[in-house]
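Trainee: Below is the file run.pdb, with PDB, C-alpha atoms.
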ATOM      1  CA  MET A   1     -27.037 -11.735   2.512
ATOM      2  CA  LYS A   2     -30.007 -12.292   4.775
ATOM      3  CA  GLU A   3     -29.645 -10.168   7.897
ATOM      4  CA  HIS A   4     -28.430 -12.199  10.852
ATOM      5  CA  ILE A   5     -28.349 -11.291  14.512
ATOM      6  CA  TYR A   6     -24.582 -11.865  14.665
ATOM      7  CA  THR A   7     -23.594  -9.831  11.589
ATOM      8  CA  ILE A   8     -22.659  -6.705  13.552
ATOM      9  CA  PRO A   9     -20.413  -8.282  16.238
ATOM     10  CA  VAL A  10     -18.672 -10.486  13.655
ATOM     11  CA  THR A  11     -18.045  -7.544  11.331
ATOM     12  CA  GLU A  12     -16.760  -5.433  14.220
ATOM     13  CA  ALA A  13     -14.410  -8.184  15.403
ATOM     14  CA  PHE A  14     -12.892  -8.621  11.940
ATOM     15  CA  THR A  15     -12.595  -4.845  11.530
ATOM     16  CA  ASN A  16     -11.416  -3.768  14.989
ATOM     17  CA  HIS A  17      -9.145  -6.673  15.957
ATOM     18  CA  SER A  18      -6.914  -7.056  12.925
ATOM     19  CA  ASP A  19      -3.882  -7.713  15.146
ATOM     20  CA  GLN A  20      -5.335 -10.862  16.723
ATOM     21  CA  CYS A  21      -7.588 -13.798  15.945
ATOM     22  CA  PRO A  22     -11.042 -12.211  15.464
ATOM     23  CA  PHE A  23     -12.763 -15.266  16.884
ATOM     24  CA  CYS A  24     -10.699 -14.992  20.064
ATOM     25  CA  ALA A  25     -11.919 -11.402  20.339
ATOM     26  CA  LEU A  26     -15.508 -12.531  19.802
ATOM     27  CA  ILE A  27     -15.436 -15.244  22.428
ATOM     28  CA  ALA A  28     -13.782 -12.912  24.954
ATOM     29  CA  GLU A  29     -16.586 -10.379  24.450
ATOM     30  CA  LEU A  30     -19.249 -13.085  24.687
ATOM     31  CA  GLU A  31     -17.748 -14.361  27.929
ATOM     32  CA  LYS A  32     -17.589 -10.872  29.413
ATOM     33  CA  ASN A  33     -21.224 -10.187  28.520
ATOM     34  CA  GLU A  34     -22.519 -13.513  29.822
ATOM     35  CA  LEU A  35     -20.721 -13.146  33.148
ATOM     36  CA  GLU A  36     -22.074  -9.635  33.624
ATOM     37  CA  ILE A  37     -25.583 -10.825  32.801
ATOM     38  CA  ILE A  38     -25.541 -13.822  35.120
ATOM     39  CA  LEU A  39     -24.409 -11.728  38.079
ATOM     40  CA  GLY A  40     -26.897  -9.007  37.196
ATOM     41  CA  ALA A  41     -30.680  -8.834  37.114
ATOM     42  CA  SER A  42     -31.169 -12.073  35.170
ATOM     43  CA  MET A  43     -29.797 -14.024  38.136
ATOM     44  CA  MET A  44     -33.097 -13.417  39.927
ATOM     45  CA  GLU A  45     -35.253 -14.780  37.083
ATOM     46  CA  PRO A  46     -36.702 -18.174  38.110
ATOM     47  CA  GLU A  47     -35.971 -19.907  34.788
ATOM     48  CA  ILE A  48     -32.366 -18.676  34.834
ATOM     49  CA  ARG A  49     -31.902 -19.700  38.455
ATOM     50  CA  SER A  50     -33.278 -23.141  37.608
ATOM     51  CA  GLU A  51     -30.728 -23.562  34.807
ATOM     52  CA  THR A  52     -27.752 -22.378  36.865
ATOM     53  CA  ASN A  53     -28.814 -24.750  39.638
ATOM     54  CA  ARG A  54     -28.958 -27.636  37.174
ATOM     55  CA  LEU A  55     -25.796 -26.908  35.173
ATOM     56  CA  GLY A  56     -23.567 -25.090  37.644
ATOM     57  CA  PHE A  57     -20.328 -23.496  36.433
ATOM     58  CA  CYS A  58     -16.905 -24.704  35.393
ATOM     59  CA  PRO A  59     -13.838 -23.781  37.511
ATOM     60  CA  ARG A  60     -12.775 -21.147  34.978
ATOM     61  CA  HIS A  61     -16.057 -19.269  35.189
ATOM     62  CA  PHE A  62     -16.319 -19.579  38.971
ATOM     63  CA  LYS A  63     -12.887 -17.924  39.106
ATOM     64  CA  LYS A  64     -13.973 -15.249  36.629
ATOM     65  CA  MET A  65     -17.125 -14.441  38.620
ATOM     66  CA  PHE A  66     -15.174 -14.326  41.876
ATOM     67  CA  GLY A  67     -12.840 -11.780  40.311
ATOM     68  CA  MET A  68     -15.695  -9.496  39.238
ATOM     69  CA  LYS A  69     -16.160  -8.220  42.811
ATOM     70  CA  ASN A  70     -19.934  -8.680  42.804
ATOM     71  CA  ARG A  71     -19.817 -10.851  45.921
ATOM     72  CA  LEU A  72     -23.504 -10.372  46.741
ATOM     73  CA  GLY A  73     -24.636 -11.478  43.303
ATOM     74  CA  LEU A  74     -22.327 -14.481  43.427
ATOM     75  CA  GLY A  75     -23.425 -15.282  46.970
ATOM     76  CA  LEU A  76     -27.127 -15.237  46.054
ATOM     77  CA  MET A  77     -26.497 -17.515  43.096
ATOM     78  CA  LEU A  78     -24.457 -19.915  45.231
ATOM     79  CA  GLU A  79     -27.104 -19.953  47.962
ATOM     80  CA  SER A  80     -29.685 -21.189  45.481
ATOM     81  CA  HIS A  81     -27.266 -23.625  43.836
ATOM     82  CA  LEU A  82     -26.208 -25.190  47.129
ATOM     83  CA  GLU A  83     -29.805 -25.543  48.275
ATOM     84  CA  SER A  84     -30.618 -27.367  45.050
ATOM     85  CA  LEU A  85     -27.633 -29.687  45.493
ATOM     86  CA  LYS A  86     -28.725 -30.543  49.041
ATOM     87  CA  LYS A  87     -31.810 -32.177  47.550
ATOM     88  CA  ASP A  88     -29.879 -34.075  44.889
ATOM     89  CA  ILE A  89     -26.841 -35.354  46.757
ATOM     90  CA  LYS A  90     -28.065 -37.829  49.314
ATOM     91  CA  THR A  91     -26.606 -41.145  50.350
ATOM     92  CA  GLY A  92     -30.056 -42.578  51.004
ATOM     93  CA  ASN A  93     -30.734 -45.707  53.026
ATOM     94  CA  ILE A  94     -27.573 -47.145  54.563
ATOM     95  CA  PHE A  95     -28.839 -50.640  53.697
ATOM     96  CA  SER A  96     -28.937 -49.790  49.985
ATOM     97  CA  ARG A  97     -26.594 -51.890  47.837
ATOM     98  CA  ASP A  98     -25.475 -48.759  45.967
ATOM     99  CA  ILE A  99     -25.596 -45.995  48.546
ATOM    100  CA  ALA A 100     -24.097 -43.133  46.540
ATOM    101  CA  ALA A 101     -25.145 -44.005  42.968
ATOM    102  CA  LYS A 102     -27.527 -41.096  42.416
ATOM    103  CA  SER A 103     -25.263 -38.624  44.186
ATOM    104  CA  VAL A 104     -22.260 -39.684  42.123
ATOM    105  CA  GLU A 105     -24.273 -39.456  38.925
ATOM    106  CA  ARG A 106     -25.433 -35.924  39.803
ATOM    107  CA  ILE A 107     -21.892 -34.817  40.658
ATOM    108  CA  GLU A 108     -20.543 -36.290  37.417
ATOM    109  CA  LYS A 109     -23.112 -34.396  35.366
ATOM    110  CA  LEU A 110     -22.333 -31.218  37.262
ATOM    111  CA  SER A 111     -18.588 -31.582  36.653
ATOM    112  CA  GLU A 112     -19.201 -31.792  32.905
ATOM    113  CA  SER A 113     -21.537 -28.823  32.537
ATOM    114  CA  CYS A 114     -21.388 -25.040  32.821
ATOM    115  CA  TYR A 115     -24.201 -22.557  32.310
ATOM    116  CA  VAL A 116     -21.879 -19.859  30.933
ATOM    117  CA  CYS A 117     -19.999 -22.248  28.619
ATOM    118  CA  ASP A 118     -23.288 -23.468  27.137
ATOM    119  CA  ARG A 119     -24.526 -19.925  26.577
ATOM    120  CA  ILE A 120     -21.277 -18.907  24.898
ATOM    121  CA  GLU A 121     -21.062 -21.994  22.704
ATOM    122  CA  ASP A 122     -24.612 -21.599  21.447
ATOM    123  CA  LYS A 123     -23.910 -18.069  20.205
ATOM    124  CA  PHE A 124     -20.287 -18.608  19.190
ATOM    125  CA  SER A 125     -21.043 -21.525  16.860
ATOM    126  CA  LYS A 126     -23.454 -19.328  14.903
ATOM    127  CA  MET A 127     -20.762 -16.673  14.468
ATOM    128  CA  PHE A 128     -18.649 -19.021  12.354
ATOM    129  CA  VAL A 129     -21.608 -19.464  10.022
ATOM    130  CA  THR A 130     -22.041 -15.698   9.828
ATOM    131  CA  ALA A 131     -18.336 -15.159   9.114
ATOM    132  CA  ALA A 132     -18.429 -17.712   6.293
ATOM    133  CA  TYR A 133     -21.430 -16.088   4.637
ATOM    134  CA  LEU A 134     -20.019 -12.579   5.085
ATOM    135  CA  TYR A 135     -16.765 -13.525   3.360
ATOM    136  CA  ASN A 136     -18.716 -15.094   0.522
ATOM    137  CA  GLU A 137     -21.109 -12.181  -0.028
ATOM    138  CA  GLU A 138     -19.786  -8.889   1.395
ATOM    139  CA  LYS A 139     -16.941  -6.952  -0.267
ATOM    140  CA  ASP A 140     -16.373  -4.750   2.785
ATOM    141  CA  PHE A 141     -15.997  -7.828   4.952
ATOM    142  CA  ARG A 142     -13.397  -9.234   2.564
ATOM    143  CA  ALA A 143     -11.434  -6.016   2.896
ATOM    144  CA  SER A 144     -11.410  -6.413   6.685
ATOM    145  CA  PHE A 145     -10.476 -10.074   6.265
ATOM    146  CA  GLU A 146      -7.447  -9.123   4.156
ATOM    147  CA  ASN A 147      -6.193  -6.840   6.947
ATOM    148  CA  LEU A 148      -6.219  -9.624   9.547
ATOM    149  CA  ARG A 149      -2.920 -10.842  10.908
ATOM    150  CA  TYR A 150      -3.925 -14.409  11.734
ATOM    151  CA  PHE A 151      -6.429 -16.952  13.067
ATOM    152  CA  CYS A 152      -5.488 -19.138  16.025
ATOM    153  CA  LEU A 153      -5.352 -22.815  15.085
ATOM    154  CA  PRO A 154      -8.436 -24.028  17.023
ATOM    155  CA  HIS A 155     -10.644 -21.302  15.540
ATOM    156  CA  TYR A 156      -9.128 -21.700  12.080
ATOM    157  CA  ARG A 157     -10.082 -25.373  12.188
ATOM    158  CA  GLN A 158     -13.620 -24.614  13.373
ATOM    159  CA  TYR A 159     -14.058 -21.862  10.780
ATOM    160  CA  MET A 160     -13.025 -24.178   7.929
ATOM    161  CA  LEU A 161     -15.278 -27.013   9.106
ATOM    162  CA  VAL A 162     -18.281 -24.706   9.271
ATOM    163  CA  ALA A 163     -17.462 -23.052   5.945
ATOM    164  CA  LYS A 164     -17.284 -26.444   4.219
ATOM    165  CA  ARG A 165     -20.765 -27.203   5.485
ATOM    166  CA  VAL A 166     -22.471 -23.918   4.577
ATOM    167  CA  LEU A 167     -20.696 -22.680   1.422
ATOM    168  CA  ASP A 168     -20.650 -24.052  -2.107
ATOM    169  CA  LYS A 169     -17.425 -25.638  -3.370
ATOM    170  CA  GLU A 170     -16.163 -22.507  -5.093
ATOM    171  CA  GLY A 171     -16.864 -20.216  -2.150
ATOM    172  CA  TYR A 172     -15.336 -22.697   0.282
ATOM    173  CA  ALA A 173     -12.166 -23.111  -1.795
ATOM    174  CA  GLU A 174     -11.721 -19.356  -2.007
ATOM    175  CA  LEU A 175     -12.114 -18.899   1.748
ATOM    176  CA  VAL A 176      -9.711 -21.757   2.451
ATOM    177  CA  ARG A 177      -7.012 -20.172   0.278
ATOM    178  CA  ALA A 178      -7.422 -16.798   1.978
ATOM    179  CA  ALA A 179      -7.541 -18.139   5.544
ATOM    180  CA  ASN A 180      -4.732 -20.628   5.010
ATOM    181  CA  GLY A 181      -2.577 -17.830   3.659
ATOM    182  CA  LYS A 182      -3.071 -15.917   6.908
ATOM    183  CA  VAL A 183      -2.292 -18.915   9.089
ATOM    184  CA  THR A 184       0.809 -20.111   7.231
ATOM    185  CA  ALA A 185       2.301 -16.615   6.952
ATOM    186  CA  TYR A 186       1.814 -16.006  10.665
ATOM    187  CA  LEU A 187       3.208 -19.433  11.514
ATOM    188  CA  ASP A 188       6.366 -18.674   9.528
ATOM    189  CA  SER A 189       6.880 -15.303  11.228
ATOM    190  CA  LEU A 190       6.096 -16.750  14.653
ATOM    191  CA  LYS A 191       8.652 -19.526  14.199
ATOM    192  CA  ASP A 192      11.293 -16.938  13.262
ATOM    193  CA  ASP A 193      10.385 -14.812  16.301
ATOM    194  CA  VAL A 194      10.630 -17.760  18.701
ATOM    195  CA  SER A 195      13.976 -18.761  17.212
ATOM    196  CA  LEU A 196      15.270 -15.219  17.752
ATOM    197  CA  PHE A 197      13.874 -15.214  21.308
ATOM    198  CA  CYS A 198      15.876 -18.350  22.071
ATOM    199  CA  LYS A 199      19.031 -16.930  20.471
ATOM    200  CA  LYS A 200      18.862 -13.853  22.682
ATOM    201  CA  PHE A 201      19.696 -16.055  25.689
ATOM    202  CA  ASP A 202      23.079 -16.734  24.080
ATOM    203  CA  TYR A 203      25.625 -13.987  24.803
ATOM    204  CA  ARG A 204      26.879 -14.250  21.229
ATOM    205  CA  PHE A 205      23.655 -12.612  20.070
ATOM    206  CA  ASP A 206      23.614  -9.732  22.568
ATOM    207  CA  ASP A 207      23.844  -7.151  19.802
ATOM    208  CA  LEU A 208      21.067  -8.684  17.730
ATOM    209  CA  PRO A 209      17.842  -6.600  17.885
ATOM    210  CA  TRP A 210      14.884  -8.251  19.606
ATOM    211  CA  GLY A 211      12.488  -7.275  16.856
ATOM    212  CA  GLU A 212       9.042  -8.724  17.669
ATOM    213  CA  SER A 213      10.451 -11.720  19.516
ATOM    214  CA  LYS A 214      10.036 -10.546  23.129
ATOM    215  CA  ASP A 215       6.412 -11.712  23.362
ATOM    216  CA  SER A 216       6.766 -14.589  20.918
ATOM    217  CA  VAL A 217       6.252 -17.260  23.584
ATOM    218  CA  GLU A 218       2.929 -15.750  24.672
ATOM    219  CA  ARG A 219       1.845 -15.265  21.072
ATOM    220  CA  SER A 220       2.764 -18.863  20.240
ATOM    221  CA  ILE A 221       0.598 -20.174  23.056
ATOM    222  CA  LYS A 222      -2.326 -18.021  21.905
ATOM    223  CA  PHE A 223      -1.850 -19.150  18.299
ATOM    224  CA  LEU A 224      -1.655 -22.845  19.192
ATOM    225  CA  SER A 225      -4.367 -22.962  21.836
ATOM    226  CA  GLY A 226      -6.654 -19.974  21.298
ATOM    227  CA  ASP A 227      -6.178 -19.140  24.980
ATOM    228  CA  ASN A 228      -5.899 -15.410  25.704
ATOM    229  CA  SER A 229      -5.569 -15.833  29.464
ATOM    230  CA  LEU A 230      -1.922 -14.750  29.357
ATOM    231  CA  ASP A 231      -3.188 -11.276  28.478
ATOM    232  CA  ASN A 232      -4.668 -11.022  31.986
ATOM    233  CA  LYS A 233      -1.894 -12.520  34.072
TER     234      LYS A 233
END
Using the file provided, produce a representation of the structure as C-alpha cells.
Mentor:
Amino acid sequence: MKEHIYTIPVTEAFTNHSDQCPFCALIAELEKNELEIILGASMMEPEIRSETNRLGFCPRHFKKMFGMKNRLGLGLMLESHLESLKKDIKTGNIFSRDIAAKSVERIEKLSESCYVCDRIEDKFSKMFVTAAYLYNEEKDFRASFENLRYFCLPHYRQYMLVAKRVLDKEGYAELVRAANGKVTAYLDSLKDDVSLFCKKFDYRFDDLPWGESKDSVERSIKFLSGDNSLDNK
C-alpha cells in the first residue's frame, strides 16, 4: 500500500495491544501526546495560542492538563485565554435591546469546542482509513488482527463505516466478517463473566471460582462506551 503517516502507530497498536481495543489504545496515546505538546514549547507559538484562545478546552482536557503538574504552562495558557475572553464577553450598552447576545453566542461556541479534541479527531479519523487499508493489503497486519481480543462498540462501528467507504465490496465483506467475529465472541464471553460476577454475591456460589469475572463490570463499560477512564481511577 502507499505509505501513510499513520501506518506505524496503527500497526503498533494492533500488534502491542492485543488484549484491548486497538483504537482505544491509539486514542489514549494521541491524547497523551497532544496534552504534552500543548503544555510544552508549542504553547508559546502565536498561531497555536490564537487557536487555543478561540477554541478553549473541554472539561475533560482541562482536568487532564491540571493533573499533569505543569502549573506554569497551564497558567500561561490560561492567562492568554482569559485575556482573549475579556475582549469577547461584553454586555455592551445597557440600552441595547439584546445586551448579552454576542457574549452568549461566544460562550456557546466555546462550550462546544476543544482544541485538544479537534487535534485528536483530525488524526484519529485517518487512522481508521489506515487500518482498513492495512487489513486489505498487508499479511502481517492480518496476523496481528487475528490476535486481537476485541474492538469496543463505538470504535467497531466507526471502523466499519470507514471501511465501507474506502474498500471494495469484497475487501469490506472480509473485514466485516473478521471484525464481527471478534466483537460477538467477546460479547458472549463478557456476558458470561458478568453473570458469574453477579452470582458470586449469592452465598450459594461461594465455592465457584471467579475466573475472569472480577473486572467484568469495568470491562463491560469499556466495551460498551470505549471509555478507558476506569483504568486511571
Trainee: I need the residue nearest Glu212 of chain A from this list: A:Glu51, A:Asp193, A:Asp188, A:Glu146. Use all atoms listed in the file for the distance.
Mentor: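 Nearest to Glu212 of chain A: A:Asp193.
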Trainee: Please build the interface table for segment 91-200 of chain A against segment 26-35 of chain A with a cut-off of 10 Å, listing for each qualifying residue the nearest atom pair and the distance in Å to one decimal; count only C-alpha atoms, order rows by chain and increasing number, and write it as a Markdown table.
Mentor:
| residue | atom | partner | partner_atom | distance |
| --- | --- | --- | --- | --- |
| A:Tyr115 | CA | A:Glu34 | CA | 9.5 |
| A:Val116 | CA | A:Glu34 | CA | 6.5 |
| A:Cys117 | CA | A:Glu31 | CA | 8.2 |
| A:Arg119 | CA | A:Glu34 | CA | 7.5 |
| A:Ile120 | CA | A:Leu30 | CA | 6.2 |
| A:Glu121 | CA | A:Ile27 | CA | 8.8 |
| A:Lys123 | CA | A:Leu30 | CA | 8.2 |
| A:Phe124 | CA | A:Ile27 | CA | 6.7 |
| A:Met127 | CA | A:Leu26 | CA | 8.6 |
Trainee: Return the single residue from A:Met44, A:Leu175, A:Leu39, A:Cys114 that is closest to Leu161 of chain A, with distances computed using all atoms listed in the file.
Mentor: A:Leu175
Trainee: For Asp206 of chain A, please output as a ChimeraX atom specification all residues within 12 Å (counting all atoms listed in the file; exclusion window: fewer than 6 positions along the same chain).
Mentor: /A:196-200
Trainee: At a cut-off of 12 Å, can you tabulate as CSV every residue of segment 94-131 of chain A near segment 165-169 of chain A together with its closest atom pair and the distance in Å to one decimal, using only C-alpha atoms and ordering rows by chain then number?
Mentor:
residue,atom,partner,partner_atom,distance
A:Lys126,CA,A:Val166,CA,11.3
A:Phe128,CA,A:Val166,CA,10.0
A:Val129,CA,A:Val166,CA,7.1
A:Thr130,CA,A:Val166,CA,9.8
A:Ala131,CA,A:Val166,CA,10.7
Trainee: So what do you get for atom CA of Ser18 of chain A versus atom CA of Asp122 of chain A, distance-wise?
Mentor: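 Computed distance, atom CA of Ser18 of chain A to atom CA of Asp122 of chain A, equals 24.4 Å.
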Trainee: Atom CA of Lys182 of chain A and atom CA of Ser213 of chain A are how many Å apart?
Mentor: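 Spanning atom CA of Lys182 of chain A to atom CA of Ser213 of chain A is a straight-line distance of 19.0 Å.
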Trainee: Axis-aligned box over every listed atom of segment 128-138 of chain A, padded by 5 Å per side: centre and edges in Å to one decimal, as JSON?
Mentor:
{"center_x": -19.4, "center_y": -14.2, "center_z": 6.2, "size_x": 15.3, "size_y": 20.6, "size_z": 22.4}
Trainee: Would you mind reading off the distance between atom CA of Phe145 of chain A and atom CA of Leu187 of chain A, one decimal, in Å?
Mentor: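 If I compute the distance from atom CA of Phe145 of chain A to atom CA of Leu187 of chain A, I get 17.4 Å.
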Trainee: Calculated over all atoms listed in the file, which of the candidates A:Leu224, A:Leu74, A:Ile37, A:Val10 has the smallest distance to Tyr133 of chain A?
Mentor: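 Result for the nearest residue to Tyr133 of chain A: A:Val10.
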Trainee: Would you write out, as a list in words, every residue that the PyMOL selection byres ((chain A and resi 150) around 9) captures in this file?
Mentor: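 For this structure, the PyMOL selection byres ((chain A and resi 150) around 9) captures Ser18, Asp19, Gln20, Cys21, Pro22, Leu148, Arg149, Phe151, Cys152, Tyr156, Ala179, Gly181, Lys182, Val183, Thr184, Ala185, Tyr186, Leu187 and Phe223 of chain A.
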Trainee: Would you translate the PyMOL selection byres ((chain A and resi 227) around 12) into the concrete set of residues it matches in this file, as an MDAnalysis selection string?
Mentor: chainID A and resid 20:21 23:25 27:28 152:155 218:226 228:232
Trainee: Go through A:Leu82, A:Ile107, A:Ile38, A:Met43 and flag the residue nearest Lys64 of chain A, using all atoms listed in the file for the distances.
Mentor: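 Going through A:Leu82, A:Ile107, A:Ile38, A:Met43 one by one, the smallest distance to Lys64 of chain A is for A:Ile38.
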Trainee: Calculated over only C-alpha atoms, which of the candidates A:Thr11, A:Asn16, A:Ser216, A:Thr52 has the smallest distance to Ser113 of chain A?
Mentor: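 Checking each of A:Thr11, A:Asn16, A:Ser216, A:Thr52 against Ser113 of chain A, counting only C-alpha atoms, the winner is A:Thr52.
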Trainee: Could you rebuild segment 185-195 of chain A with all heavy atoms and give it back as an mmCIF file, keeping the file's coordinate frame?
Mentor:
data_model
loop_
_atom_site.group_PDB
_atom_site.id
_atom_site.type_symbol
_atom_site.label_atom_id
_atom_site.label_comp_id
_atom_site.auth_asym_id
_atom_site.auth_seq_id
_atom_site.Cartn_x
_atom_site.Cartn_y
_atom_site.Cartn_z
ATOM 1 N N ALA A 185 1.396 -17.768 6.874
ATOM 2 C CA ALA A 185 2.301 -16.615 6.952
ATOM 3 C C ALA A 185 2.611 -16.270 8.399
ATOM 4 O O ALA A 185 3.766 -15.971 8.756
ATOM 5 C CB ALA A 185 1.673 -15.418 6.238
ATOM 6 N N TYR A 186 1.592 -16.324 9.253
ATOM 7 C CA TYR A 186 1.814 -16.006 10.665
ATOM 8 C C TYR A 186 2.662 -17.086 11.327
ATOM 9 O O TYR A 186 3.532 -16.788 12.152
ATOM 10 C CB TYR A 186 0.476 -15.869 11.392
ATOM 11 C CG TYR A 186 0.623 -15.354 12.800
ATOM 12 C CD1 TYR A 186 0.998 -14.042 13.060
ATOM 13 C CD2 TYR A 186 0.381 -16.191 13.895
ATOM 14 C CE1 TYR A 186 1.142 -13.574 14.348
ATOM 15 C CE2 TYR A 186 0.513 -15.733 15.193
ATOM 16 C CZ TYR A 186 0.893 -14.417 15.419
ATOM 17 O OH TYR A 186 1.033 -13.956 16.696
ATOM 18 N N LEU A 187 2.427 -18.329 10.962
ATOM 19 C CA LEU A 187 3.208 -19.433 11.514
ATOM 20 C C LEU A 187 4.683 -19.268 11.170
ATOM 21 O O LEU A 187 5.561 -19.477 12.023
ATOM 22 C CB LEU A 187 2.680 -20.764 10.972
ATOM 23 C CG LEU A 187 3.412 -22.039 11.395
ATOM 24 C CD1 LEU A 187 3.457 -22.177 12.905
ATOM 25 C CD2 LEU A 187 2.741 -23.256 10.773
ATOM 26 N N ASP A 188 4.974 -18.884 9.936
ATOM 27 C CA ASP A 188 6.366 -18.674 9.528
ATOM 28 C C ASP A 188 7.015 -17.565 10.357
ATOM 29 O O ASP A 188 8.143 -17.717 10.852
ATOM 30 C CB ASP A 188 6.429 -18.313 8.044
ATOM 31 C CG ASP A 188 6.132 -19.492 7.135
ATOM 32 O OD1 ASP A 188 6.207 -20.635 7.611
ATOM 33 O OD2 ASP A 188 5.825 -19.260 5.946
ATOM 34 N N SER A 189 6.307 -16.434 10.489
ATOM 35 C CA SER A 189 6.880 -15.303 11.228
ATOM 36 C C SER A 189 7.017 -15.631 12.715
ATOM 37 O O SER A 189 7.986 -15.219 13.369
ATOM 38 C CB SER A 189 6.021 -14.055 11.037
ATOM 39 O OG SER A 189 4.746 -14.202 11.638
ATOM 40 N N LEU A 190 6.063 -16.381 13.244
ATOM 41 C CA LEU A 190 6.096 -16.750 14.653
ATOM 42 C C LEU A 190 7.278 -17.674 14.942
ATOM 43 O O LEU A 190 7.976 -17.522 15.952
ATOM 44 C CB LEU A 190 4.779 -17.427 15.028
ATOM 45 C CG LEU A 190 4.458 -17.594 16.509
ATOM 46 C CD1 LEU A 190 4.444 -16.250 17.220
ATOM 47 C CD2 LEU A 190 3.111 -18.288 16.663
ATOM 48 N N LYS A 191 7.506 -18.619 14.042
ATOM 49 C CA LYS A 191 8.652 -19.526 14.199
ATOM 50 C C LYS A 191 9.961 -18.735 14.204
ATOM 51 O O LYS A 191 10.859 -18.983 15.031
ATOM 52 C CB LYS A 191 8.655 -20.555 13.060
ATOM 53 C CG LYS A 191 9.931 -21.373 12.930
ATOM 54 C CD LYS A 191 10.231 -22.185 14.187
ATOM 55 C CE LYS A 191 11.391 -23.148 13.968
ATOM 56 N NZ LYS A 191 12.657 -22.465 13.634
ATOM 57 N N ASP A 192 10.079 -17.770 13.302
ATOM 58 C CA ASP A 192 11.293 -16.938 13.262
ATOM 59 C C ASP A 192 11.455 -16.134 14.554
ATOM 60 O O ASP A 192 12.559 -15.996 15.086
ATOM 61 C CB ASP A 192 11.237 -15.981 12.073
ATOM 62 C CG ASP A 192 11.364 -16.708 10.738
ATOM 63 O OD1 ASP A 192 11.832 -17.854 10.735
ATOM 64 O OD2 ASP A 192 10.984 -16.121 9.702
ATOM 65 N N ASP A 193 10.329 -15.603 15.068
ATOM 66 C CA ASP A 193 10.385 -14.812 16.301
ATOM 67 C C ASP A 193 10.796 -15.661 17.501
ATOM 68 O O ASP A 193 11.579 -15.227 18.347
ATOM 69 C CB ASP A 193 9.030 -14.159 16.569
ATOM 70 C CG ASP A 193 8.745 -13.001 15.621
ATOM 71 O OD1 ASP A 193 9.700 -12.492 15.014
ATOM 72 O OD2 ASP A 193 7.561 -12.627 15.487
ATOM 73 N N VAL A 194 10.269 -16.878 17.592
ATOM 74 C CA VAL A 194 10.630 -17.760 18.701
ATOM 75 C C VAL A 194 12.101 -18.159 18.607
ATOM 76 O O VAL A 194 12.811 -18.232 19.620
ATOM 77 C CB VAL A 194 9.714 -19.007 18.735
ATOM 78 C CG1 VAL A 194 10.237 -20.020 19.746
ATOM 79 C CG2 VAL A 194 8.293 -18.618 19.073
ATOM 80 N N SER A 195 12.565 -18.415 17.396
ATOM 81 C CA SER A 195 13.976 -18.761 17.212
ATOM 82 C C SER A 195 14.877 -17.615 17.664
ATOM 83 O O SER A 195 15.899 -17.824 18.336
ATOM 84 C CB SER A 195 14.251 -19.089 15.741
ATOM 85 O OG SER A 195 13.561 -20.253 15.354
#
